[in-house]
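Notes to accompany the following structure.
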Amino acid sequence: MRKITRRDAFKLGAGAAALAASSGLAKPGQAQSLSFTPEKGAKLRVLRWKRFVQGDEDLWMANTRKFTEQTGVEVVTEHESWEDVRPKAAVAANIGSGPDIIVGWYDDPHQYPDKLVDLTDLAEYLGDKYGGWYPVAREYGTRQGRWISLPLGAAGNCIVYRKSWMNEAGFDSFPKDTDGLLRLCQELKKNGHPPGFALGNAVGDGNVWTHWLLWSFGGKMVDSSNQVVINSPETINALEYARELYDTFIPGTVSWLDAHNNKAFLSGQIGLTANGISVYYAAKTQGSAFVDDIHHANMPVGPVGKPTELNLFTQAMLFSHSKHPNAAKEFLRFM
């Protein structure tokens, strides 16, 4: 499988890059063809999060237009901020009205599984055709043996940093462990280039780094039996580390949403954060003078001794209030 670089990702757009990367994961299976006949006069509403990388939205909308051309089914796509998708999905589930399909986050479908259309036939068909599902897809996408949502992908998240400022702080390469990360952040703050991680209602960046930190110290929210076990020595150790790390942050991160750390990094207020490709993408498209100084690193390994990264997981939910479930399934299959 060819390695997809950050520059490839910029050229292709996030969605196309993900497809290019995944194309070498498994050979197509021998699945029989499957399609759904849209209801007569079907129209669909699709609610999706707003893009951070323009190529992602361009590809989605281009494919949506192709679907309409081939089927005659009109699709109205609504784009909401990342933080607004979850409450709108919850409202749609509770009142039984709203978009037919909502592209949401993580384990959202498990909050209202009885409000969603069973997608087992579609998900198993796609799995058989394209070489199976990763375990994380089944974990998030299924409940009690049935698929309640359709996993679409995961956006990689890394540490994003200014290499020259890291070197000025006395580091030749990016630290591989949490102790090294803390020392680097302390030195960056001393030099006037503090880090800043989102600590507000940031669906992507906030969830990614805080889950990574908890897990890196061996903490967990629930065990394999779904029992709450967050009150543990490992969690306390993670919180103690978080307090030390927070002391190095630029002020204001407790209110940051997903866009705030991007803006702070691109304006030179911070020298390190946790983010996806969007910071580099914005710097490249805006012609930033320091675009070549932007580097990426995997999240450091904590005391648990192994990588514990969480990436932004997104999946589509088809709500049972939809009047055109066959058209919606065919849309998802097509996309």
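Residues in the structure tokens are named by chain (A, B, ... in the order shown) and by number from 1 within that chain; ligands are numbered from 1 in the order shown.
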
Check your understanding: So which residues touch segment 192-206 of chain A within 8 Å, counting only C-alpha atoms, skipping near sequence neighbours fewer than 5 positions away, as a list in words?
Key -> Trp82, Glu83, Asn157, Trp165, Cys185, Gln186, Thr248, Phe249, Ile250, Thr253, Val254, Ser255, Trp256, Leu257, Asp258, His260, Asn261, Gly268, Gln269, Ile270, Gly271, Leu272, Thr273, Ala274, Asn275 and Leu312 of chain A

Could the residues in this selection be written to a file with C-alpha atoms, as a PDB file, in the first residue's frame?
```pdb
ATOM      1  CA  TRP A  82     -19.473  20.288  14.477  1.00  0.00           C
ATOM      2  CA  GLU A  83     -20.863  21.151  17.896  1.00  0.00           C
ATOM      3  CA  ASN A 157      -5.361  13.521  14.586  1.00  0.00           C
ATOM      4  CA  TRP A 165      10.304  26.602  17.982  1.00  0.00           C
ATOM      5  CA  CYS A 185       5.541  22.278  26.557  1.00  0.00           C
ATOM      6  CA  GLN A 186       7.178  23.841  29.597  1.00  0.00           C
ATOM      7  CA  THR A 248       1.761  25.481  30.120  1.00  0.00           C
ATOM      8  CA  PHE A 249      -1.293  26.352  27.982  1.00  0.00           C
ATOM      9  CA  ILE A 250      -2.140  29.754  26.602  1.00  0.00           C
ATOM     10  CA  THR A 253      -8.457  27.001  26.277  1.00  0.00           C
ATOM     11  CA  VAL A 254     -11.329  25.955  28.577  1.00  0.00           C
ATOM     12  CA  SER A 255     -13.729  27.665  26.156  1.00  0.00           C
ATOM     13  CA  TRP A 256     -12.075  26.554  22.917  1.00  0.00           C
ATOM     14  CA  LEU A 257     -14.138  24.795  20.247  1.00  0.00           C
ATOM     15  CA  ASP A 258     -12.665  22.911  17.309  1.00  0.00           C
ATOM     16  CA  HIS A 260     -10.066  27.952  18.125  1.00  0.00           C
ATOM     17  CA  ASN A 261      -6.777  26.054  18.239  1.00  0.00           C
ATOM     18  CA  GLY A 268       1.394  32.381  15.863  1.00  0.00           C
ATOM     19  CA  GLN A 269      -0.111  32.573  19.354  1.00  0.00           C
ATOM     20  CA  ILE A 270       0.723  28.927  20.106  1.00  0.00           C
ATOM     21  CA  GLY A 271       3.495  26.612  18.987  1.00  0.00           C
ATOM     22  CA  LEU A 272       1.850  23.238  19.552  1.00  0.00           C
ATOM     23  CA  THR A 273      -1.636  21.716  19.576  1.00  0.00           C
ATOM     24  CA  ALA A 274      -3.603  18.562  18.744  1.00  0.00           C
ATOM     25  CA  ASN A 275      -5.305  18.738  15.367  1.00  0.00           C
ATOM     26  CA  LEU A 312     -12.366  11.419  15.034  1.00  0.00           C
TER      27      LEU A 312
END
```

Exercise for review: Find the residues near segment 115-132 of chain A: any atom within 10 Å, counting only C-alpha atoms, skip ones fewer than 4 places away on the same chain, and give them as a PyMOL selection string.
Suggested key: chain A and resi 22-23+25-36+92-94+96+100-101+109-111+137-138+141-142+145-151+317-322+325+329-330+332-333

C-alpha atoms of the current selection, written as a PDB file, in the first residue's frame:
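The result, written out as part12.pdb:
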```pdb
ATOM      1  CA  SER A  22      -8.018   2.498   2.240  1.00  0.00           C
ATOM      2  CA  SER A  23      -8.006   1.098  -1.285  1.00  0.00           C
ATOM      3  CA  LEU A  25      -6.338  -2.510   2.787  1.00  0.00           C
ATOM      4  CA  ALA A  26      -8.176  -5.512   1.423  1.00  0.00           C
ATOM      5  CA  LYS A  27      -9.119  -7.112  -1.860  1.00  0.00           C
ATOM      6  CA  PRO A  28     -12.778  -6.937  -2.845  1.00  0.00           C
ATOM      7  CA  GLY A  29     -14.804  -9.946  -1.817  1.00  0.00           C
ATOM      8  CA  GLN A  30     -17.340 -11.935  -3.772  1.00  0.00           C
ATOM      9  CA  ALA A  31     -20.418 -10.207  -2.391  1.00  0.00           C
ATOM     10  CA  GLN A  32     -23.552 -10.384  -4.482  1.00  0.00           C
ATOM     11  CA  SER A  33     -24.856  -7.053  -5.732  1.00  0.00           C
ATOM     12  CA  LEU A  34     -27.301  -5.152  -3.565  1.00  0.00           C
ATOM     13  CA  SER A  35     -29.395  -2.094  -4.292  1.00  0.00           C
ATOM     14  CA  PHE A  36     -32.537  -0.475  -2.949  1.00  0.00           C
ATOM     15  CA  ALA A  92     -34.734  14.652  15.625  1.00  0.00           C
ATOM     16  CA  ALA A  93     -34.699  11.389  17.558  1.00  0.00           C
ATOM     17  CA  ASN A  94     -36.915  12.723  20.345  1.00  0.00           C
ATOM     18  CA  GLY A  96     -39.543  11.936  15.360  1.00  0.00           C
ATOM     19  CA  ASP A 100     -33.589  11.483   7.004  1.00  0.00           C
ATOM     20  CA  ILE A 101     -29.856  10.958   7.443  1.00  0.00           C
ATOM     21  CA  PRO A 109     -26.256   6.203  17.498  1.00  0.00           C
ATOM     22  CA  HIS A 110     -26.162   4.269  20.783  1.00  0.00           C
ATOM     23  CA  GLN A 111     -28.033   7.088  22.528  1.00  0.00           C
ATOM     24  CA  ALA A 137     -16.278   0.084  13.029  1.00  0.00           C
ATOM     25  CA  ARG A 138     -18.271  -2.825  14.457  1.00  0.00           C
ATOM     26  CA  GLY A 141     -21.703   0.763  14.353  1.00  0.00           C
ATOM     27  CA  THR A 142     -23.472  -2.219  15.912  1.00  0.00           C
ATOM     28  CA  GLY A 145     -25.773  -7.828  16.734  1.00  0.00           C
ATOM     29  CA  ARG A 146     -27.362  -5.353  14.345  1.00  0.00           C
ATOM     30  CA  TRP A 147     -25.950  -2.346  12.534  1.00  0.00           C
ATOM     31  CA  ILE A 148     -27.632   0.828  13.773  1.00  0.00           C
ATOM     32  CA  SER A 149     -25.391   3.146  11.755  1.00  0.00           C
ATOM     33  CA  LEU A 150     -22.961   3.082   8.847  1.00  0.00           C
ATOM     34  CA  PRO A 151     -19.340   3.982   9.678  1.00  0.00           C
ATOM     35  CA  MET A 317     -27.571   7.390  10.953  1.00  0.00           C
ATOM     36  CA  LEU A 318     -30.846   6.739   9.109  1.00  0.00           C
ATOM     37  CA  PHE A 319     -33.777   7.758  11.288  1.00  0.00           C
ATOM     38  CA  SER A 320     -36.951   5.709  11.443  1.00  0.00           C
ATOM     39  CA  HIS A 321     -39.083   8.809  10.873  1.00  0.00           C
ATOM     40  CA  SER A 322     -37.820   8.905   7.285  1.00  0.00           C
ATOM     41  CA  PRO A 325     -35.905   4.662   3.862  1.00  0.00           C
ATOM     42  CA  LYS A 329     -30.288   3.283   1.993  1.00  0.00           C
ATOM     43  CA  GLU A 330     -29.550   3.546  -1.714  1.00  0.00           C
ATOM     44  CA  LEU A 332     -25.711   5.523   1.582  1.00  0.00           C
ATOM     45  CA  ARG A 333     -24.817   2.540  -0.591  1.00  0.00           C
TER      46      ARG A 333
END
```

Review point. Which neighbours of segment 48-52 of chain A fall inside 7 Å, counting only C-alpha atoms, when residues of the same chain fewer than 4 positions from it are skipped, and could you give them as number ranges by chain?
Key: A: 56-57, 78-82, 85, 102-103, 278

Using DSSP on the backbone coordinates, identify all residues within segment 117-317 of chain A classified as helix (DSSP H, G or I); present the result as a PDB file with C-alpha atoms, in the first residue's frame.
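Produced file out22.pdb, reproduced below:
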```pdb
ATOM      1  CA  THR A 120     -27.478  -4.652   8.776  1.00  0.00           C
ATOM      2  CA  ASP A 121     -28.172  -5.723   5.189  1.00  0.00           C
ATOM      3  CA  LEU A 122     -26.333  -2.709   3.772  1.00  0.00           C
ATOM      4  CA  ALA A 123     -23.400  -2.803   6.200  1.00  0.00           C
ATOM      5  CA  GLU A 124     -22.801  -6.527   5.805  1.00  0.00           C
ATOM      6  CA  TYR A 125     -23.000  -6.219   2.022  1.00  0.00           C
ATOM      7  CA  LEU A 126     -20.403  -3.431   1.988  1.00  0.00           C
ATOM      8  CA  GLY A 127     -18.191  -5.342   4.403  1.00  0.00           C
ATOM      9  CA  ASP A 128     -18.311  -8.473   2.267  1.00  0.00           C
ATOM     10  CA  LYS A 129     -17.647  -6.515  -0.917  1.00  0.00           C
ATOM     11  CA  TYR A 130     -14.684  -4.501   0.295  1.00  0.00           C
ATOM     12  CA  PRO A 135     -13.095  -3.892  14.797  1.00  0.00           C
ATOM     13  CA  VAL A 136     -13.628  -0.227  15.740  1.00  0.00           C
ATOM     14  CA  ALA A 137     -16.278   0.084  13.029  1.00  0.00           C
ATOM     15  CA  ARG A 138     -18.271  -2.825  14.457  1.00  0.00           C
ATOM     16  CA  GLU A 139     -17.833  -1.468  17.974  1.00  0.00           C
ATOM     17  CA  TYR A 140     -19.323   1.900  17.082  1.00  0.00           C
ATOM     18  CA  GLY A 141     -21.703   0.763  14.353  1.00  0.00           C
ATOM     19  CA  LYS A 163       9.649  22.694  14.268  1.00  0.00           C
ATOM     20  CA  SER A 164      11.885  25.745  14.625  1.00  0.00           C
ATOM     21  CA  TRP A 165      10.304  26.602  17.982  1.00  0.00           C
ATOM     22  CA  MET A 166      10.716  23.008  19.132  1.00  0.00           C
ATOM     23  CA  ASN A 167      14.407  23.219  18.229  1.00  0.00           C
ATOM     24  CA  GLU A 168      14.740  26.536  20.086  1.00  0.00           C
ATOM     25  CA  THR A 178       4.334  11.928  27.873  1.00  0.00           C
ATOM     26  CA  ASP A 179       7.223  13.002  30.125  1.00  0.00           C
ATOM     27  CA  GLY A 180       9.047  14.411  27.123  1.00  0.00           C
ATOM     28  CA  LEU A 181       5.909  16.167  25.895  1.00  0.00           C
ATOM     29  CA  LEU A 182       5.487  17.909  29.231  1.00  0.00           C
ATOM     30  CA  ARG A 183       9.097  19.112  29.238  1.00  0.00           C
ATOM     31  CA  LEU A 184       8.738  20.426  25.696  1.00  0.00           C
ATOM     32  CA  CYS A 185       5.541  22.278  26.557  1.00  0.00           C
ATOM     33  CA  GLN A 186       7.178  23.841  29.597  1.00  0.00           C
ATOM     34  CA  GLU A 187      10.098  25.066  27.508  1.00  0.00           C
ATOM     35  CA  LEU A 188       7.815  26.372  24.764  1.00  0.00           C
ATOM     36  CA  LYS A 189       5.946  28.432  27.345  1.00  0.00           C
ATOM     37  CA  LYS A 190       9.221  29.860  28.688  1.00  0.00           C
ATOM     38  CA  ASP A 205      -9.869  17.988  19.075  1.00  0.00           C
ATOM     39  CA  GLY A 206     -11.131  18.070  22.662  1.00  0.00           C
ATOM     40  CA  ASN A 207     -12.327  14.465  22.649  1.00  0.00           C
ATOM     41  CA  VAL A 208      -9.237  13.218  20.850  1.00  0.00           C
ATOM     42  CA  TRP A 209      -6.569  14.496  23.202  1.00  0.00           C
ATOM     43  CA  THR A 210      -8.414  14.019  26.504  1.00  0.00           C
ATOM     44  CA  HIS A 211      -9.307  10.393  25.698  1.00  0.00           C
ATOM     45  CA  TRP A 212      -5.724   9.801  24.579  1.00  0.00           C
ATOM     46  CA  LEU A 213      -4.447  11.193  27.868  1.00  0.00           C
ATOM     47  CA  LEU A 214      -6.788   9.140  30.067  1.00  0.00           C
ATOM     48  CA  TRP A 215      -5.989   5.945  28.209  1.00  0.00           C
ATOM     49  CA  SER A 216      -2.249   6.651  28.079  1.00  0.00           C
ATOM     50  CA  PRO A 233      -5.620   5.519  40.524  1.00  0.00           C
ATOM     51  CA  GLU A 234      -4.859   5.581  36.796  1.00  0.00           C
ATOM     52  CA  THR A 235      -7.432   8.303  36.226  1.00  0.00           C
ATOM     53  CA  ILE A 236      -6.017  10.334  39.122  1.00  0.00           C
ATOM     54  CA  ASN A 237      -2.528  10.065  37.603  1.00  0.00           C
ATOM     55  CA  ALA A 238      -3.870  11.208  34.243  1.00  0.00           C
ATOM     56  CA  LEU A 239      -5.572  14.203  35.872  1.00  0.00           C
ATOM     57  CA  GLU A 240      -2.400  15.151  37.750  1.00  0.00           C
ATOM     58  CA  TYR A 241      -0.509  15.101  34.465  1.00  0.00           C
ATOM     59  CA  ALA A 242      -3.264  17.100  32.774  1.00  0.00           C
ATOM     60  CA  ARG A 243      -2.978  19.759  35.479  1.00  0.00           C
ATOM     61  CA  GLU A 244       0.758  20.118  34.867  1.00  0.00           C
ATOM     62  CA  LEU A 245       0.206  20.230  31.111  1.00  0.00           C
ATOM     63  CA  TYR A 246      -2.571  22.798  31.472  1.00  0.00           C
ATOM     64  CA  THR A 253      -8.457  27.001  26.277  1.00  0.00           C
ATOM     65  CA  VAL A 254     -11.329  25.955  28.577  1.00  0.00           C
ATOM     66  CA  SER A 255     -13.729  27.665  26.156  1.00  0.00           C
ATOM     67  CA  HIS A 260     -10.066  27.952  18.125  1.00  0.00           C
ATOM     68  CA  ASN A 261      -6.777  26.054  18.239  1.00  0.00           C
ATOM     69  CA  ASN A 262      -6.515  26.291  14.437  1.00  0.00           C
ATOM     70  CA  LYS A 263      -6.793  30.076  14.595  1.00  0.00           C
ATOM     71  CA  ALA A 264      -4.374  30.374  17.515  1.00  0.00           C
ATOM     72  CA  PHE A 265      -1.768  28.226  15.776  1.00  0.00           C
ATOM     73  CA  LEU A 266      -2.072  29.953  12.403  1.00  0.00           C
ATOM     74  CA  SER A 278      -6.717  21.247   8.632  1.00  0.00           C
ATOM     75  CA  VAL A 279      -4.054  23.511  10.181  1.00  0.00           C
ATOM     76  CA  TYR A 280      -1.523  22.567   7.522  1.00  0.00           C
ATOM     77  CA  TYR A 281      -4.191  22.736   4.813  1.00  0.00           C
ATOM     78  CA  ALA A 282      -5.170  26.269   5.818  1.00  0.00           C
ATOM     79  CA  ALA A 283      -1.555  27.422   6.019  1.00  0.00           C
ATOM     80  CA  LYS A 284      -0.857  25.967   2.585  1.00  0.00           C
ATOM     81  CA  THR A 285      -3.921  27.434   0.880  1.00  0.00           C
ATOM     82  CA  VAL A 291       3.957  26.492   6.223  1.00  0.00           C
ATOM     83  CA  ASP A 292       7.203  24.496   5.902  1.00  0.00           C
ATOM     84  CA  ASP A 293       7.806  24.910   9.630  1.00  0.00           C
TER      85      ASP A 293
END
```
